[in-house]
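Here's run.tsv, which has TSV, C-alpha atoms:
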chain	number	residue	atom	x	y	z
A	129	GLY	CA	85.65	178.66	112.62
A	130	GLU	CA	84.05	176.48	110.02
A	131	ASN	CA	86.39	175.58	107.19
A	132	VAL	CA	87.86	172.91	104.93
A	133	GLU	CA	91.57	172.18	105.34
A	134	GLN	CA	93.54	170.41	102.64
A	135	HIS	CA	96.98	168.76	102.83
A	136	PRO	CA	99.57	168.71	101.45
A	137	SER	CA	99.74	171.99	99.53
A	138	THR	CA	102.22	170.48	97.07
A	139	LEU	CA	102.91	166.87	96.17
A	140	SER	CA	105.59	165.51	93.89
A	141	VAL	CA	105.42	161.85	92.86
A	142	GLN	CA	107.20	159.60	90.43
A	143	GLU	CA	105.16	158.40	87.48
A	144	GLY	CA	103.45	155.15	88.37
A	145	ASP	CA	103.38	155.85	92.10
A	146	SER	CA	100.25	156.72	94.08
A	147	ALA	CA	99.19	160.15	95.29
A	148	VAL	CA	96.98	160.83	98.30
A	149	ILE	CA	95.42	164.16	99.25
A	150	LYS	CA	93.51	164.61	102.48
A	151	CYS	CA	90.85	167.10	103.54
A	152	THR	CA	89.24	167.71	106.90
A	153	TYR	CA	86.00	169.58	107.45
A	154	SER	CA	84.42	171.12	110.49
A	155	ASP	CA	80.66	170.72	109.98
A	156	SER	CA	79.40	167.30	111.06
A	157	ALA	CA	76.23	167.91	109.01
A	158	SER	CA	78.17	168.08	105.72
A	159	ASN	CA	76.96	165.30	103.44
A	160	TYR	CA	78.54	165.81	100.01
A	161	PHE	CA	82.25	165.86	99.17
A	162	PRO	CA	83.48	166.60	95.64
A	163	TRP	CA	86.99	166.74	94.23
A	164	TYR	CA	88.04	169.04	91.41
A	165	LYS	CA	91.04	169.02	89.10
A	166	GLN	CA	92.25	172.31	87.65
A	167	GLU	CA	94.76	172.35	84.83
A	168	LEU	CA	96.66	175.47	83.91
A	169	GLY	CA	94.47	178.03	82.18
A	170	LYS	CA	91.27	176.04	82.71
A	171	GLY	CA	88.35	176.03	85.10
A	172	PRO	CA	88.05	173.37	87.81
A	173	GLN	CA	86.68	170.05	86.56
A	174	LEU	CA	84.63	167.78	88.81
A	175	ILE	CA	86.44	164.42	88.80
A	176	ILE	CA	84.74	162.45	91.56
A	177	ASP	CA	82.38	163.00	94.45
A	178	ILE	CA	80.98	161.05	97.37
A	179	ARG	CA	77.91	161.34	99.54
A	180	SER	CA	77.94	160.70	103.25
A	181	ASN	CA	76.03	157.43	103.04
A	182	VAL	CA	79.01	155.60	101.51
A	183	GLY	CA	82.58	155.18	102.68
A	184	GLU	CA	84.39	154.78	99.37
A	185	LYS	CA	83.87	155.41	95.68
A	186	LYS	CA	86.15	154.46	92.83
A	187	ASP	CA	86.40	155.52	89.18
A	188	GLN	CA	89.24	153.87	87.29
A	189	ARG	CA	92.49	155.21	88.78
A	190	ILE	CA	90.90	157.62	91.22
A	191	ALA	CA	89.07	156.89	94.44
A	192	VAL	CA	87.66	158.90	97.31
A	193	THR	CA	87.34	157.63	100.88
A	194	LEU	CA	85.25	159.22	103.60
A	195	ASN	CA	85.52	158.93	107.38
A	196	LYS	CA	82.50	160.75	108.79
A	197	THR	CA	83.45	160.11	112.39
A	198	ALA	CA	86.83	161.76	111.96
A	199	LYS	CA	85.42	164.32	109.48
A	200	HIS	CA	87.96	163.74	106.79
A	201	PHE	CA	87.98	162.51	103.22
A	202	SER	CA	90.81	161.67	100.87
A	203	LEU	CA	91.53	161.49	97.15
A	204	HIS	CA	93.65	158.57	95.97
A	205	ILE	CA	95.24	158.51	92.52
A	206	THR	CA	96.92	155.24	91.58
A	207	GLU	CA	99.43	154.58	88.79
A	208	THR	CA	99.97	158.31	88.32
A	209	GLN	CA	100.67	159.65	84.86
A	210	PRO	CA	102.12	163.01	83.74
A	211	GLU	CA	98.63	164.17	82.72
A	212	ASP	CA	97.59	163.89	86.38
A	213	SER	CA	99.78	166.95	87.07
A	214	ALA	CA	97.36	169.71	88.10
A	215	VAL	CA	95.94	171.50	91.13
A	216	TYR	CA	93.32	169.49	93.02
A	217	PHE	CA	90.64	171.01	95.26
A	218	CYS	CA	88.35	169.35	97.75
A	219	ALA	CA	85.11	170.94	98.92
A	220	ALA	CA	82.32	170.46	101.41
A	221	PRO	CA	79.05	172.27	102.15
A	222	LEU	CA	79.28	174.15	105.43
A	223	LYS	CA	76.31	175.43	107.44
A	224	ALA	CA	78.17	178.66	108.15
A	225	ALA	CA	78.35	179.27	104.41
A	226	GLY	CA	74.65	178.71	103.89
A	227	ASN	CA	75.37	175.11	102.89
A	228	LYS	CA	77.23	176.31	99.82
A	229	LEU	CA	80.44	174.52	98.89
A	230	THR	CA	83.56	175.74	100.70
A	231	PHE	CA	86.81	174.81	99.01
A	232	GLY	CA	90.08	173.60	100.46
A	233	GLY	CA	93.27	175.48	99.76
A	234	GLY	CA	94.32	173.22	96.90
A	235	THR	CA	97.13	170.72	96.27
A	236	ARG	CA	99.57	171.18	93.42
A	237	VAL	CA	100.46	167.71	92.16
A	238	LEU	CA	103.50	167.17	89.97
A	239	VAL	CA	104.03	163.77	88.39
A	240	LYS	CA	107.63	163.33	87.32
A	241	PRO	CA	108.21	161.08	84.30
B	276	SER	CA	76.51	168.07	82.64
B	277	ALA	CA	75.77	171.59	81.39
B	278	VAL	CA	78.16	173.24	78.94
B	279	ILE	CA	79.26	176.62	80.28
B	280	SER	CA	80.77	179.20	77.94
B	281	GLN	CA	82.51	182.17	79.45
B	282	LYS	CA	83.98	185.19	77.71
B	283	PRO	CA	86.34	186.85	77.45
B	284	SER	CA	88.82	184.12	78.31
B	285	ARG	CA	91.38	186.73	79.30
B	286	ASP	CA	91.84	190.48	79.30
B	287	ILE	CA	94.35	193.09	80.33
B	288	CYS	CA	92.72	196.24	81.65
B	289	GLN	CA	93.77	199.64	82.88
B	290	ARG	CA	93.22	200.69	86.46
B	291	GLY	CA	89.94	202.56	86.98
B	292	THR	CA	88.10	200.90	84.11
B	293	SER	CA	85.39	198.20	84.25
B	294	LEU	CA	85.10	194.80	82.60
B	295	THR	CA	81.96	192.76	82.02
B	296	ILE	CA	82.28	188.99	81.89
B	297	GLN	CA	79.59	186.92	80.22
B	298	CYS	CA	78.47	183.40	81.10
B	299	GLN	CA	76.22	181.36	78.81
B	300	VAL	CA	74.86	177.92	79.71
B	301	ASP	CA	73.47	175.49	77.15
B	302	SER	CA	70.49	174.55	79.34
B	303	GLN	CA	68.27	176.24	81.88
B	304	VAL	CA	69.71	176.15	85.37
B	305	THR	CA	68.30	177.48	88.60
B	306	MET	CA	71.51	178.17	90.48
B	307	MET	CA	74.37	180.18	88.97
B	308	PHE	CA	77.34	181.47	90.91
B	309	TRP	CA	80.38	183.67	90.40
B	310	TYR	CA	83.73	182.81	92.00
B	311	ARG	CA	87.06	184.58	92.24
B	312	GLN	CA	90.39	182.78	92.27
B	313	GLN	CA	93.28	185.02	93.21
B	314	PRO	CA	96.74	184.01	91.94
B	315	GLY	CA	97.81	180.69	93.46
B	316	GLN	CA	94.76	180.63	95.73
B	317	SER	CA	91.58	178.67	96.21
B	318	LEU	CA	88.08	179.51	95.04
B	319	THR	CA	86.06	182.18	96.82
B	320	LEU	CA	82.35	182.66	96.20
B	321	ILE	CA	81.48	186.21	95.19
B	322	ALA	CA	77.72	185.90	94.80
B	323	THR	CA	74.75	183.84	93.75
B	324	ALA	CA	73.16	185.17	90.56
B	325	ASN	CA	69.40	185.11	91.01
B	326	GLN	CA	67.16	185.12	87.96
B	327	GLY	CA	64.95	188.17	87.89
B	328	SER	CA	66.17	189.65	91.14
B	329	GLU	CA	69.24	191.11	92.79
B	330	ALA	CA	72.22	188.85	93.34
B	331	THR	CA	73.06	187.57	96.81
B	332	TYR	CA	76.57	188.64	97.80
B	333	GLU	CA	78.96	186.91	100.16
B	334	SER	CA	80.72	188.71	102.97
B	335	GLY	CA	83.40	191.00	101.61
B	336	PHE	CA	81.79	191.52	98.21
B	337	VAL	CA	79.43	194.39	97.34
B	338	ILE	CA	77.11	195.15	94.46
B	339	ASP	CA	78.78	198.46	93.61
B	340	LYS	CA	82.08	196.69	92.94
B	341	PHE	CA	80.70	193.50	91.36
B	342	PRO	CA	77.30	194.17	89.78
B	343	ILE	CA	75.67	191.01	88.44
B	344	SER	CA	72.86	190.52	85.99
B	345	ARG	CA	70.80	187.36	85.44
B	346	PRO	CA	68.12	188.14	82.85
B	347	ASN	CA	67.16	184.49	82.26
B	348	LEU	CA	67.95	180.92	83.28
B	349	THR	CA	70.83	180.49	80.80
B	350	PHE	CA	72.81	183.74	81.00
B	351	SER	CA	74.56	185.94	83.54
B	352	THR	CA	77.13	188.72	83.58
B	353	LEU	CA	79.60	189.86	86.21
B	354	THR	CA	81.11	193.33	86.03
B	355	VAL	CA	84.32	194.17	87.84
B	356	SER	CA	84.07	197.93	88.40
B	357	ASN	CA	86.69	200.61	88.94
B	358	MET	CA	89.44	198.03	88.75
B	359	SER	CA	92.71	198.10	90.66
B	360	PRO	CA	95.68	195.71	90.41
B	361	GLU	CA	94.25	193.82	93.43
B	362	ASP	CA	91.38	192.71	91.19
B	363	SER	CA	93.76	190.68	89.05
B	364	SER	CA	92.33	187.17	89.36
B	365	ILE	CA	90.55	184.41	87.55
B	366	TYR	CA	86.79	184.90	87.60
B	367	LEU	CA	84.70	181.75	87.24
B	368	CYS	CA	81.07	181.20	86.43
B	369	SER	CA	79.52	178.04	87.83
B	370	VAL	CA	76.17	176.28	87.81
B	371	ARG	CA	74.61	173.72	90.09
B	372	ASP	CA	73.23	170.73	88.25
B	373	GLY	CA	70.35	169.27	90.20
B	374	ARG	CA	70.80	169.09	93.95
B	375	GLU	CA	74.50	169.36	94.55
B	376	LYS	CA	76.95	168.92	91.65
B	377	LEU	CA	78.73	172.16	90.79
B	378	PHE	CA	80.28	172.74	87.37
B	379	PHE	CA	82.58	175.54	86.28
B	380	GLY	CA	83.21	177.50	83.13
B	381	SER	CA	86.71	177.90	81.75
B	382	GLY	CA	87.26	181.18	83.58
B	383	THR	CA	88.31	184.71	82.71
B	384	GLN	CA	91.92	185.59	83.47
B	385	LEU	CA	91.95	189.29	84.35
B	386	SER	CA	95.10	191.35	84.69
B	387	VAL	CA	94.84	194.97	85.84
B	388	LEU	CA	97.75	197.32	85.17
Structure encoded using structure tokens:
Amino acid sequence: GENVEQHPSTLSVQEGDSAVIKCTYSDSASNYFPWYKQELGKGPQLIIDIRSNVGEKKDQRIAVTLNKTAKHFSLHITETQPEDSAVYFCAAPLKAAGNKLTFGGGTRVLVKP
Amino acid sequence: SAVISQKPSRDICQRGTSLTIQCQVDSQVTMMFWYRQQPGQSLTLIATANQGSEATYESGFVIDKFPISRPNLTFSTLTVSNMSPEDSSIYLCSVRDGREKLFFGSGTQLSVL
């Protein structure tokens, strides 16, 4: 069926190292790919997004890459800091969901000082 | 981006009762949505709140259980009716800003005893 799969479900990194989260999607017509960060007790916050007409987008320590052929996109966090510890969600619009955003299962990131 | 205020932020309710959650946006928005996030899980769309007409519910969600109001372009309510412990979740209001960016409120943490 149509879905968005996210890996890994948990990720533990040492402060200063990089973290990479990958999502795959099933609908080749999907054209918008956001990433959200959710801290404990808060709603998800949009941190970066990319449209299908570009392959990479960067904002300070975070970047998103998109491979439309393979139907996957990834979030890269460099020089991780303890405040990067949170749950991260990817999403994509799927035709089967009326082109509404469908979310991945989430990745719990823990940055160890 | 729009500022989304949601209340209550949390509540503990008895089984069989109902709770109404309010969502206020600081600007007029066309698209408003309600999501549920079960403990440790991803985000699931409950319904699209349509201004001046009945909400559009996703598969698995019904109006009798989750009645929604949307009296104007800045306000919506979600009621969780006849609650059971299985309804314990975070409920999130969200708005679409322009064509595709989705923003979330801070959520309502509901616990049903």
Chain B contacts to chain A at 6 Å (all atoms listed in the file) as JSON, numbers by chain:
{"B": [317, 379, 380, 381, 382]}
Interatomic distance (Å, one decimal) between atom CA of Lys282 of chain B and atom CA of Leu367 of chain B:
10.2 Å
Give me, please, the distance in Å between atom CA of Gly291 of chain B and atom CA of Ile343 of chain B, quoted to one decimal.
18.4 Å
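Counting all atoms listed in the file, the residue from B:Arg290, B:Arg371, B:Arg285, B:Arg311 that sits nearest to Leu353 of chain B is B:Arg311.
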Residue nearest Ser364 of chain B among B:Gln316, B:Ser280, B:Ser293, B:Asp301 (counting only C-alpha atoms)
B:Gln316
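Remark: for Phe201 of chain A, the closest of the candidate residues A:Pro241, A:Pro136, A:Ala220, A:Val141 is A:Ala220 (distances computed over only C-alpha atoms).
Using all atoms listed in the file, the shortest contact distance between Ser359 of chain B and any of B:Cys288, B:Ile338, B:Ala330, B:Ile321 is found at B:Cys288.
Between Ser213 of chain A and the candidates A:Ser158, A:Lys240, A:Asn181, A:Val148, the tightest atom-to-atom separation, counting all atoms listed in the file, involves A:Lys240.
Within 9 Å of Gln289 of chain B, once only C-alpha atoms are used and residues closer than 6 positions along the same chain are dropped, the contacting residues are Met358, Ser359, Pro360, Ser386, Val387 and Leu388 of chain B.
Relative to atom CA of Asn357 of chain B, atom CA of Pro342 of chain B is found at 11.4 Å.
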Which is closer to Glu211 of chain A than all the others in A:Arg179, A:Lys165, A:Lys223, A:Lys186, using all atoms listed in the file?
A:Lys165
